[in-house]
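Working notes, beginning with the structure itself.
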Amino acid sequence: MILKVKFKSITFLIVGIIAFCLSLTVALKPSVLAVNDTSQSFAIIMYHHISAKPNSVGEYVVTPTQLENDFKYLKEKGYKTLSVRDLYSIDKGEMALPKKSVMITFDDGYEDNFTTALPLLEKYKIKATVFLVTDL
């Protein structure tokens with residue numbers, strides 16, 4: 001899922017992201033929300049599940065190859081990845097929002113976040129946030 005977010009209140013955004021991820025019961029189709037002032041905005045790319053099994057790949061499941069291609073594209077095009085800590089620092093005025101910023105998130109905290117995504121995140125030096133399910 002890719003969202004364009006107007007950069008006004010990062011604290012509100014963080015709370016919104018957490019609430020959204022915790023209350024998500026049905027995966028949403030990817031969409032882009034356009035904003036007028038893109039100089040103070042960034043994209044959020046949400047991944048749900050990573051699987052090498054061909055029969056499980058679909059709208060909400062990507063292959064390791066697709067994930068790596070996404071990360072490679074972001075690096076080649078000069079995107080800067082943001083962590084939740086970065087958003088906090090930006091909100092407090094301790095750092096500026098980098099141009100071409102993007103936040104990578106993973107829903108639910110599946111094992112594939114550790115076994116598949118983490119090595120790729122390290123390879124491409126990409127920051128990401130995992131939203132863990134703590135109770136169903």
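Order determines the names: the first chain of the structure tokens is A, the second B, and so forth; residues in each chain are numbered 1 upward, and ligands are numbered 1 upward as they are shown.
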
If we count only C-alpha atoms and set the cut-off at 12 Å, which residues sit around region 112-115 of chain A, ignoring sequence neighbours fewer than 6 positions away in its own chain? Please answer as a list in words.
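In the requested form, the answer reads Tyr47, His48, His49, Ile50, Ser51, Ala52, Val61, Val62, Thr63, Pro64, Leu67, Ile104, Thr105, Phe106, Leu121, Glu122, Ala128, Thr129, Val130, Phe131 and Leu132 of chain A.
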
Set the distance at 9 Å and use only C-alpha atoms: which residues neighbour region 73-75 of chain A once local chain neighbours fewer than 6 positions away are removed? I'd like the list as number ranges by chain.
A: 81, 102, 124-126

Residues within 12 Å of Glu76 (chain A), please, as a PyMOL selection string. Count only C-alpha atoms; anything in the same chain fewer than 5 positions from it doesn't count.
chain A and resi 69-71+100+124

The selected residues should be written to file as an mmCIF file, in the first residue's frame (atoms: N, CA, C and O atoms).
data_model
loop_
_atom_site.group_PDB
_atom_site.id
_atom_site.type_symbol
_atom_site.label_atom_id
_atom_site.label_comp_id
_atom_site.auth_asym_id
_atom_site.auth_seq_id
_atom_site.Cartn_x
_atom_site.Cartn_y
_atom_site.Cartn_z
ATOM 1 N N ASN A 69 13.419 -6.374 -5.772
ATOM 2 C CA ASN A 69 13.302 -5.413 -6.880
ATOM 3 C C ASN A 69 12.778 -4.064 -6.393
ATOM 4 O O ASN A 69 13.234 -3.012 -6.849
ATOM 5 N N ASP A 70 11.815 -4.082 -5.471
ATOM 6 C CA ASP A 70 11.304 -2.833 -4.888
ATOM 7 C C ASP A 70 12.415 -2.086 -4.166
ATOM 8 O O ASP A 70 12.590 -0.879 -4.342
ATOM 9 N N PHE A 71 13.172 -2.798 -3.337
ATOM 10 C CA PHE A 71 14.245 -2.164 -2.566
ATOM 11 C C PHE A 71 15.341 -1.633 -3.490
ATOM 12 O O PHE A 71 15.865 -0.539 -3.280
ATOM 13 N N LYS A 100 12.478 12.993 -1.294
ATOM 14 C CA LYS A 100 12.254 11.617 -1.757
ATOM 15 C C LYS A 100 12.251 10.638 -0.583
ATOM 16 O O LYS A 100 12.922 9.614 -0.616
ATOM 17 N N TYR A 124 20.436 -3.535 1.313
ATOM 18 C CA TYR A 124 20.204 -2.244 0.666
ATOM 19 C C TYR A 124 20.237 -1.072 1.650
ATOM 20 O O TYR A 124 19.961 0.061 1.272
#

Using DSSP on the backbone coordinates, identify all residues within region 26-123 of chain A classified as alpha helix (DSSP H); present the result as a VMD selection string.
chain A and resid 64 to 76 84 to 91 111 to 112 118 to 123
